[in-house]
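Everything on this sheet refers to the single structure shown next.
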Number of protein chains: 2
Amino acid sequence: MLLPTLTQEPSELRAMMRSGELSGLTSGMAPGYVQANLVILPREQAFDFLLFCQRNPKPCPLLEVVEAGSVEPSQMAPGVDLRTDLPRYRVFENGKLVEEPTSISHVWRDDLVSFLIGCSFTFESALINGGIRIPHFEEGKNTAMFVTSIETTPAGIFSGPMVVSMRAIPRNKLVRAVQITSRFPSVHGSPVHIGDPAAIGVKDITTPDLGDPAVVGEDDVPVFWGCGVTPQVVAMNSKPPLMITHAPGHMFITDVPDEDMAVL
Amino acid sequence: MLLPTLTQEPSELRAMMRSGELSGLTSGMAPGYVQANLVILPREQAFDFLLFCQRNPKPCPLLEVVEAGSVEPSQMAPGVDLRTDLPRYRVFENGKLVEEPTSISHVWRDDLVSFLIGCSFTFESALINGGIRIPHFEEGKNTAMFVTSIETTPAGIFSGPMVVSMRAIPRNKLVRAVQITSRFPSVHGSPVHIGDPAAIGVKDITTPDLGDPAVVGEDDVPVFWGCGVTPQVVAMNSKPPLMITHAPGHMFITDVPDEDMAVL
């Protein structure tokens with residue numbers, strides 16, 4: 001079995017996911033291409049969730065919505081089958097995780113609507129290009145994520161706390177970090193909070209609720225961005241009968257270059 | 001009867017609309033406050049239309065969605081009744097204009113969902129503040145609008161051509177005009193086209209399909225932005241059983257300052 005190399009094209013990597021050869025984390029893969037969070041819901045819940053994303057663009061910036069009856073995200077990756085072309089999925093029934101399969105063909109139904117949501121990998125590349133070190137990115141670890149006291153704006157059945165990702169930014173790079181991420185509203189955009197973790201309900205910055213711990217140095221400021229894991233936490237709160245997502249860190253690799261996401 | 005003054009607060013103007021004292025164009029009113037396009041549809045068509053807006057953010061940038069059962073846009077103007085607090089409405093049945101009333105209380109149903117869509121008045125103020133003259137704004141006339149050959153991205157029953165608004169921009173202000181409007185993605189944002197009207201299907205720049213003609217001087221370049229009238233043209237194409245909108249130029253005046261719409 002061949003191991004994937006970081007520089008393989010999105011289509012090659014997705015072919016290996018489709019065949020089952022590749023089922024691991026996608027961090028660092030296909031550098032320069034947008035990776036996306038996936039949320040799949042029955043049509044019955046789709047309006048509420050689309051509205052939830054519209055009201056909460058920081059944690060849930062929508063890249064594309066694939067309507068019921070289709071499995072192809074024709075804007076972000078024409079020809080793709082969303083049921084097989086991610087490395088790993090999560091299936092939730094009534095808010096409970098029931099399965100983590102590498103394909104969802106066996107649970108697919110014609111009334112399912114698929115939502116692709118921006119992922120912070122894109123702006124992390126931009127931060128690195130801007131001279132800001134992101135240690136967990138270099139080490140192949142996951143971002144530190146926290147469930148906050150910031151409430152999302154509810155929509156229909158969907159409500160719950162915002163999840164944020166944290167990066168330790170050197171104080172002299174703080175302005176630049178805000179500027180760089182502001183250019184990318186469709187992949188979470190500008191920070192939701194700077195400094196003082198307690199102000200957003202984060203009690204212990206060294207112990208994330210999800211992901212890997214990150215070191216905050218003496219000259220660093222903890223900076224918090226809306227996180228695409230929010231819909232999963234909200235889903236567990238809101239208990240839709242069926243919800244399918246990517247498995248954390250096992251993202252959908254699109255054909256769209258990172259820079260296409262920039263507004264300026 | 002008192003005449004409205006341009007500097008009255010949004011709430012005072014809306015009270016005069018509610019009582020029927022004020023039923024005219026809103027151009028130039030409550031300067032510095034966001035004005036919005038209104039589209040109201042039955043819940044049955046609401047998912048398709050929300051998705052249409054998500055796929056066409058240039059002509060249809062969503063400011064707020066008010067769910068079925070409510071008439072109050074709690075983010076943009078708490079306390080407002082959308083059925084009475086605009087100066088004039090349009091009621092369409094199966095794509096045909098049937099009425100232009102000053103209140104829609106008599107046609108209201110509990111399954112109606114209301115969409116507030118950004119309006120170019122906000123970025124016109126910003127252009128003027130940036131030293132770019134907008135003659136029709138100063139003269140109290142309407143923008144020149146054209147139905148283009150640019151197809152919107154369809155969603156469900158909704159499809160059709162994009163409508164654009166045109167402003168004649170002096171060539172030496174072109175870069176600045178792009179920069180200024182790029183700061184306001186939620187009120188149509190950056191231009192969709194610069195120069196060459198024929199390239200987007202505009203045959204005669206002096207004869208707009210909607211609104212008032214505008215003069216393009218010798219040193220001017222015609223610049224085109226996505227226009228919030230697009231949903232009305234698309235609705236006439238798509239013929240939903242019921243659709244209610246504001247009457248052109250008779251906008252919803254919100255409580256939100258223009259500058260709150262800026263992303264940078």
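By convention in this document, the chains of the structure tokens carry letters A, B, ... by their order, each chain's residues are numbered from 1, and ligands are numbered from 1 in the order they are shown.
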Tell me, counting only C-alpha atoms, for each residue of chain A within 9 Å of chain B, which pair of atoms is nearest and how far apart they are in Å to one decimal, in rows ordered by chain and increasing number, as JSON lines.
```
{"residue": "A:Ala46", "atom": "CA", "partner": "B:Phe47", "partner_atom": "CA", "distance": 7.6}
{"residue": "A:Phe47", "atom": "CA", "partner": "B:Phe47", "partner_atom": "CA", "distance": 5.1}
{"residue": "A:Asp48", "atom": "CA", "partner": "B:Phe47", "partner_atom": "CA", "distance": 8.7}
{"residue": "A:Leu50", "atom": "CA", "partner": "B:Leu50", "partner_atom": "CA", "distance": 7.5}
{"residue": "A:Leu51", "atom": "CA", "partner": "B:Val65", "partner_atom": "CA", "distance": 7.5}
{"residue": "A:Gln54", "atom": "CA", "partner": "B:Leu62", "partner_atom": "CA", "distance": 7.9}
{"residue": "A:Arg55", "atom": "CA", "partner": "B:Glu64", "partner_atom": "CA", "distance": 7.6}
{"residue": "A:Leu62", "atom": "CA", "partner": "B:Gln54", "partner_atom": "CA", "distance": 8.0}
{"residue": "A:Leu63", "atom": "CA", "partner": "B:Gln54", "partner_atom": "CA", "distance": 8.9}
{"residue": "A:Glu64", "atom": "CA", "partner": "B:Arg55", "partner_atom": "CA", "distance": 7.6}
{"residue": "A:Val65", "atom": "CA", "partner": "B:Leu51", "partner_atom": "CA", "distance": 7.5}
{"residue": "A:Glu67", "atom": "CA", "partner": "B:Gly156", "partner_atom": "CA", "distance": 8.3}
{"residue": "A:Ala155", "atom": "CA", "partner": "B:Glu67", "partner_atom": "CA", "distance": 8.4}
{"residue": "A:Gly156", "atom": "CA", "partner": "B:Glu67", "partner_atom": "CA", "distance": 8.3}
{"residue": "A:Gln179", "atom": "CA", "partner": "B:Leu264", "partner_atom": "CA", "distance": 8.5}
{"residue": "A:Ser182", "atom": "CA", "partner": "B:Leu264", "partner_atom": "CA", "distance": 7.3}
{"residue": "A:Arg183", "atom": "CA", "partner": "B:Leu264", "partner_atom": "CA", "distance": 8.7}
{"residue": "A:Pro185", "atom": "CA", "partner": "B:Val263", "partner_atom": "CA", "distance": 8.8}
{"residue": "A:Val263", "atom": "CA", "partner": "B:Ser182", "partner_atom": "CA", "distance": 7.6}
{"residue": "A:Leu264", "atom": "CA", "partner": "B:Ser182", "partner_atom": "CA", "distance": 7.3}
```
Export C-alpha atoms of the chosen residues as a PDB file, in the first residue's frame?
```pdb
ATOM      1  CA  ALA A  46     -32.086  21.680   6.420  1.00  0.00           C
ATOM      2  CA  PHE A  47     -33.812  25.092   6.526  1.00  0.00           C
ATOM      3  CA  ASP A  48     -33.137  25.451  10.248  1.00  0.00           C
ATOM      4  CA  LEU A  50     -28.996  26.791   6.753  1.00  0.00           C
ATOM      5  CA  LEU A  51     -30.468  29.621   8.832  1.00  0.00           C
ATOM      6  CA  GLN A  54     -26.460  32.371   8.137  1.00  0.00           C
ATOM      7  CA  ARG A  55     -26.835  33.664  11.717  1.00  0.00           C
ATOM      8  CA  LEU A  62     -20.871  28.173   4.424  1.00  0.00           C
ATOM      9  CA  LEU A  63     -18.801  27.246   1.382  1.00  0.00           C
ATOM     10  CA  GLU A  64     -21.457  25.256  -0.477  1.00  0.00           C
ATOM     11  CA  VAL A  65     -24.792  23.521   0.025  1.00  0.00           C
ATOM     12  CA  GLU A  67     -29.298  19.876  -2.315  1.00  0.00           C
ATOM     13  CA  ALA A 155     -32.316  28.937  14.498  1.00  0.00           C
ATOM     14  CA  GLY A 156     -35.222  26.518  14.773  1.00  0.00           C
ATOM     15  CA  GLN A 179      -5.517  41.550   9.382  1.00  0.00           C
ATOM     16  CA  SER A 182      -9.981  39.141   8.279  1.00  0.00           C
ATOM     17  CA  ARG A 183      -9.255  38.520   4.587  1.00  0.00           C
ATOM     18  CA  PRO A 185     -14.420  35.416   6.196  1.00  0.00           C
ATOM     19  CA  VAL A 263     -12.059  38.796  -0.028  1.00  0.00           C
ATOM     20  CA  LEU A 264      -9.268  41.326  -0.456  1.00  0.00           C
TER      21      LEU A 264
END
```
- Message: Can you tell me which residues surround Pro222 (chain B) at a distance of at most 6 Å, considering only C-alpha atoms, apart from same-chain residues fewer than 3 positions away, and format the answer as a ChimeraX atom specification?
- Response: /B:167-168,195
- Shell around region 232-247 of chain A at 6 Å using only C-alpha atoms, local window under 6 positions removed, as a PyMOL selection string: chain A and resi 38-41+88-95+157-160
Preceding selection exported with C-alpha atoms as a PDB file, in the first residue's frame:
```pdb
ATOM      1  CA  LEU A  38     -19.054  18.452   6.358  1.00  0.00           C
ATOM      2  CA  VAL A  39     -22.536  18.398   7.897  1.00  0.00           C
ATOM      3  CA  ILE A  40     -25.331  16.282   6.381  1.00  0.00           C
ATOM      4  CA  LEU A  41     -28.946  16.543   7.545  1.00  0.00           C
ATOM      5  CA  ARG A  88     -13.774   9.134   7.817  1.00  0.00           C
ATOM      6  CA  TYR A  89     -17.270  10.147   8.920  1.00  0.00           C
ATOM      7  CA  ARG A  90     -19.375  10.322  12.062  1.00  0.00           C
ATOM      8  CA  VAL A  91     -23.013   9.236  12.145  1.00  0.00           C
ATOM      9  CA  PHE A  92     -25.230  10.705  14.889  1.00  0.00           C
ATOM     10  CA  GLU A  93     -28.744   9.460  15.699  1.00  0.00           C
ATOM     11  CA  ASN A  94     -30.823  11.666  17.996  1.00  0.00           C
ATOM     12  CA  GLY A  95     -27.632  13.436  19.096  1.00  0.00           C
ATOM     13  CA  ILE A 157     -34.058  23.401  16.643  1.00  0.00           C
ATOM     14  CA  PHE A 158     -30.394  24.433  16.560  1.00  0.00           C
ATOM     15  CA  SER A 159     -28.845  26.237  19.533  1.00  0.00           C
ATOM     16  CA  GLY A 160     -25.907  25.886  21.886  1.00  0.00           C
TER      17      GLY A 160
END
```
- Would you list the contacts of His106 (chain A) as a PyMOL selection string, taking every protein, DNA or RNA residue within 12 Å and counting only C-alpha atoms, but skipping same-chain residues closer than 5 positions in sequence? chain A and resi 83-84+91+99+101
- Got a sec: who's within 10 Å of Ile205 (chain B), counting only C-alpha atoms, leaving out chain neighbours fewer than 5 positions off, as a PyMOL selection string? chain B and resi 144-146+166+196-198+213-216+222
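Coordinates place CA of Thr230 (chain A) at a distance of 11.1 Å from CA of Pro57 (chain A).
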- Message: I'd like the contact shell of Glu124 (chain A) - 8 Å cut-off, only C-alpha atoms, skipping same-chain residues fewer than 4 positions apart - returned as JSON, numbers by chain.
- Response: {"A": [120, 128, 134, 137]}
Those selected residues, please, written with C-alpha atoms and delivered as a PDB file, in the first residue's frame.
```
ATOM      1  CA  SER A 120      -9.261  27.084   9.740  1.00  0.00           C
ATOM      2  CA  ILE A 128       2.322  30.960   8.305  1.00  0.00           C
ATOM      3  CA  ILE A 134       1.630  27.874  14.228  1.00  0.00           C
ATOM      4  CA  PHE A 137       0.412  22.862  12.386  1.00  0.00           C
TER       5      PHE A 137
END
```
- Selection: 9 Å around Gly69 (chain A), only C-alpha atoms, excl. self and same-chain fewer than 6 positions, as a PyMOL selection string: chain A and resi 109-113
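The coordinates place CA of Glu139 (chain B) at 17.3 Å from CA of Thr206 (chain B).
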